[in-house]
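Visitor: Quick one: the structure is below, questions incoming.
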Amino acid sequence: MREVEIIGFKRANLGKAESSKLRAEGNVPGVLYGGDDLVHFYAPAIQFRPALYSPDACFIKVNVEGKEYRAIVQESQWHPVSEALLHVDLLELTVGKKVKMDIPVKTLGSAPGVANGGTLIIKNPKLKVLALPKDMPESIELDISELTMGKSIKVGSIETNNFEILTSDLVTVVNVAIPRALRGKSAEELEAEEAEAAAEETAE
């Protein structure tokens, strides 16, 4: 799993005025919980970019005045107009304790249905996963090389290894949508056309 380092400082005061002052200086107030201590800290806003401005999942190594913690982002608050980062809640990771994370979906290969005019749609770009920190996947990879037009991959068909996907098994993760011009054809006709096209490509 990718790891982002954040170097922060303990907060002496926890009031709104102090939080506003920190933000005006380019910092973001935060809290780290889940471990033995509740740690109120702040860090430069720019340090959170690799963790919060990326679709990829990551762990965070937090150094607060020399003491290090491993954590994940539990919640982030943003200004409704300026979209500036206002506050970050971090959950400390504990050895042997499972955590929940939203893990991105990545596709592998080329879908035959797309080659024949369909559109690949990733309906759920992230899935909620429960796992021990050591077993948490950086991404969930889906092989779409056999995905024909009108077909889909659901959560229930995804193989897992030492982690659990909490999203319902019936949820569609990715599918190849049938273009409007071909929607009148049956699935059998579409599959026959795809098989014929594949045979022609092989012959060439």
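Chain lettering (A, B, ...) mirrors the order of the structure tokens, residue numbering begins at 1 for each chain separately, and ligand numbering begins at 1 in order of display.
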As a list of chain:residue names, please: the residues near Ile165 of chain A (cut-off 9 Å, only C-alpha atoms, same-chain neighbours under 4 positions excluded).
Guide: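 My list of contacting residues is A:Leu127, A:Lys128, A:Val129, A:Leu130, A:Ala131, A:Val155, A:Gly156, A:Ile158, A:Thr160, A:Asp169.
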Visitor: Residues near Ala57 of chain A, anyone? I mean within 12 Å using only C-alpha atoms, not counting same-chain ones fewer than 5 positions away, as a list in words.
Guide: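 Here the answer would be Met1, Arg2, Glu3, Val4, Pro50, Ala51, Leu52, Ile72, Val73, Gln74, Lys100, Met101, Asp102, Ile103, Pro104, Val105, Pro125, Lys126, Leu127, Lys128, Val129, Met136, Pro137, Glu138, Ser139 and Ile140 of chain A.
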Visitor: Which is closer to Val88 of chain A than all the others in A:Tyr53, A:Tyr42, A:Phe9, A:Tyr69, using only C-alpha atoms?
Guide: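 Ranked by minimum distance to Val88 of chain A, first place goes to A:Tyr42.
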Visitor: Find the distance between atom CA of Arg11 of chain A and atom CA of Ser82 of chain A and write it in Å to one decimal.
Guide: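 Here the two named atoms are 24.5 Å from each other.
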Visitor: Which polymer residues have any atom within 10 Å of an atom of segment 170-172 of chain A, counting only C-alpha atoms, with same-chain residues fewer than 4 positions away left out, as a ChimeraX atom specification?
Guide: /A:122-124,152-157
Visitor: Go through A:Leu22, A:Val62, A:Ala45, A:Ala84 and flag the residue nearest Ile7 of chain A, using only C-alpha atoms for the distances.
Guide: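 Among the listed residues, the smallest separation from Ile7 of chain A belongs to A:Val62.
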Visitor: Quick one: residues within 7 Å of Glu141 of chain A, only C-alpha atoms, excluding same-chain residues fewer than 5 positions away - as number ranges by chain?
Guide: A: 105-108
Visitor: Could the residues in this selection be saved with N, CA, C and O atoms as an mmCIF file, in the first residue's frame?
Guide:
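Output (part.cif):
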data_model
loop_
_atom_site.group_PDB
_atom_site.id
_atom_site.type_symbol
_atom_site.label_atom_id
_atom_site.label_comp_id
_atom_site.auth_asym_id
_atom_site.auth_seq_id
_atom_site.Cartn_x
_atom_site.Cartn_y
_atom_site.Cartn_z
ATOM 1 N N VAL A 105 -11.147 0.658 -8.021
ATOM 2 C CA VAL A 105 -11.258 -0.447 -8.966
ATOM 3 C C VAL A 105 -10.413 -0.128 -10.194
ATOM 4 O O VAL A 105 -10.473 0.985 -10.726
ATOM 5 N N LYS A 106 -9.624 -1.105 -10.657
ATOM 6 C CA LYS A 106 -8.830 -0.929 -11.873
ATOM 7 C C LYS A 106 -9.105 -2.093 -12.809
ATOM 8 O O LYS A 106 -9.171 -3.238 -12.377
ATOM 9 N N THR A 107 -9.282 -1.785 -14.089
ATOM 10 C CA THR A 107 -9.578 -2.831 -15.071
ATOM 11 C C THR A 107 -8.309 -3.282 -15.780
ATOM 12 O O THR A 107 -7.392 -2.494 -16.016
ATOM 13 N N LEU A 108 -8.276 -4.580 -16.113
ATOM 14 C CA LEU A 108 -7.148 -5.168 -16.825
ATOM 15 C C LEU A 108 -7.631 -5.759 -18.139
ATOM 16 O O LEU A 108 -8.678 -6.413 -18.182
#
Visitor: What separation in Å, quoted to one decimal, exists between atom CA of Ala17 of chain A and atom CA of Val39 of chain A?
Guide: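 So the answer is 19.0 Å.
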Visitor: Mind checking DSSP for segment 32-194 of chain A and telling me the strand (DSSP E) residues as a VMD selection string?
Guide: chain A and resid 32 to 33 39 to 44 59 to 64 67 to 78 85 to 92 99 to 108 119 to 122 126 to 131 140 to 143 152 to 154 164 to 165 172 to 177
Visitor: How far is it from atom CA of Pro133 of chain A to atom CA of Leu32 of chain A, in Å with one decimal?
Guide: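 Here the two named atoms are 16.7 Å from each other.
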Visitor: Which one is closest to Asp36 of chain A: A:Asn116, A:Thr167, A:Thr94, A:Ser20? Count only C-alpha atoms.
Guide: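 Of A:Asn116, A:Thr167, A:Thr94, A:Ser20, the one nearest Asp36 of chain A, counting only C-alpha atoms, is A:Thr94.
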Visitor: Rank nothing, just name the residue among A:Asn13, A:Asn63, A:Gln77, A:Thr148 nearest to Pro112 of chain A, using only C-alpha atoms.
Guide: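 With only C-alpha atoms as the atom set, the closest residue is A:Thr148.
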Visitor: From the set A:Leu132, A:Val114, A:Ala177, A:Leu86, which residue has the shortest atom-to-atom contact distance to Pro29 of chain A, counting only C-alpha atoms?
Guide: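 Residue with the minimum atom-to-atom distance to Pro29 of chain A: A:Leu86.
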Visitor: When DSSP is applied to the backbone of this structure, which of segment 44-161 of chain A are assigned helix (DSSP H, G or I)? Write them out as an MDAnalysis selection string.
Guide: chainID A and resid 45:52 112:115 133:135 155:157
Visitor: Just N, CA and C atoms for this one: save the residues we selected as an mmCIF file, in the first residue's frame.
Guide:
data_model
loop_
_atom_site.group_PDB
_atom_site.id
_atom_site.type_symbol
_atom_site.label_atom_id
_atom_site.label_comp_id
_atom_site.auth_asym_id
_atom_site.auth_seq_id
_atom_site.Cartn_x
_atom_site.Cartn_y
_atom_site.Cartn_z
ATOM 1 N N ALA A 45 -1.340 22.457 4.738
ATOM 2 C CA ALA A 45 -2.375 21.905 3.858
ATOM 3 C C ALA A 45 -1.774 21.151 2.679
ATOM 4 N N ILE A 46 -0.645 21.616 2.170
ATOM 5 C CA ILE A 46 -0.046 21.005 0.976
ATOM 6 C C ILE A 46 0.363 19.555 1.233
ATOM 7 N N GLN A 47 0.634 19.206 2.496
ATOM 8 C CA GLN A 47 1.069 17.844 2.794
ATOM 9 C C GLN A 47 -0.057 16.821 2.620
ATOM 10 N N PHE A 48 -1.296 17.279 2.652
ATOM 11 C CA PHE A 48 -2.428 16.363 2.518
ATOM 12 C C PHE A 48 -2.769 16.067 1.054
ATOM 13 N N ARG A 49 -2.186 16.816 0.140
ATOM 14 C CA ARG A 49 -2.527 16.647 -1.281
ATOM 15 C C ARG A 49 -2.317 15.222 -1.799
ATOM 16 N N PRO A 50 -1.157 14.593 -1.542
ATOM 17 C CA PRO A 50 -0.962 13.242 -2.084
ATOM 18 C C PRO A 50 -1.984 12.225 -1.583
ATOM 19 N N ALA A 51 -2.586 12.496 -0.424
ATOM 20 C CA ALA A 51 -3.556 11.560 0.144
ATOM 21 C C ALA A 51 -4.984 11.858 -0.280
ATOM 22 N N LEU A 52 -5.317 13.140 -0.389
ATOM 23 C CA LEU A 52 -6.717 13.526 -0.607
ATOM 24 C C LEU A 52 -7.030 13.950 -2.037
ATOM 25 N N PRO A 112 -14.005 -7.309 -25.252
ATOM 26 C CA PRO A 112 -14.466 -7.547 -26.628
ATOM 27 C C PRO A 112 -15.700 -6.715 -26.967
ATOM 28 N N GLY A 113 -16.557 -6.502 -25.960
ATOM 29 C CA GLY A 113 -17.771 -5.723 -26.194
ATOM 30 C C GLY A 113 -17.487 -4.290 -26.592
ATOM 31 N N VAL A 114 -16.403 -3.745 -26.090
ATOM 32 C CA VAL A 114 -16.020 -2.376 -26.450
ATOM 33 C C VAL A 114 -15.494 -2.336 -27.874
ATOM 34 N N ALA A 115 -14.720 -3.359 -28.249
ATOM 35 C CA ALA A 115 -14.178 -3.426 -29.610
ATOM 36 C C ALA A 115 -15.281 -3.521 -30.651
ATOM 37 N N PRO A 133 -4.631 -4.139 8.273
ATOM 38 C CA PRO A 133 -3.775 -3.224 7.515
ATOM 39 C C PRO A 133 -2.791 -3.938 6.596
ATOM 40 N N LYS A 134 -2.209 -5.041 7.047
ATOM 41 C CA LYS A 134 -1.211 -5.752 6.241
ATOM 42 C C LYS A 134 -1.823 -6.427 5.018
ATOM 43 N N ASP A 135 -3.141 -6.659 5.044
ATOM 44 C CA ASP A 135 -3.807 -7.346 3.937
ATOM 45 C C ASP A 135 -4.623 -6.407 3.047
ATOM 46 N N VAL A 155 -20.079 -7.554 -7.759
ATOM 47 C CA VAL A 155 -19.212 -7.713 -6.590
ATOM 48 C C VAL A 155 -19.063 -9.181 -6.208
ATOM 49 N N GLY A 156 -20.160 -9.934 -6.300
ATOM 50 C CA GLY A 156 -20.138 -11.329 -5.883
ATOM 51 C C GLY A 156 -19.191 -12.215 -6.661
ATOM 52 N N SER A 157 -18.774 -11.793 -7.845
ATOM 53 C CA SER A 157 -17.885 -12.620 -8.665
ATOM 54 C C SER A 157 -16.406 -12.247 -8.504
#
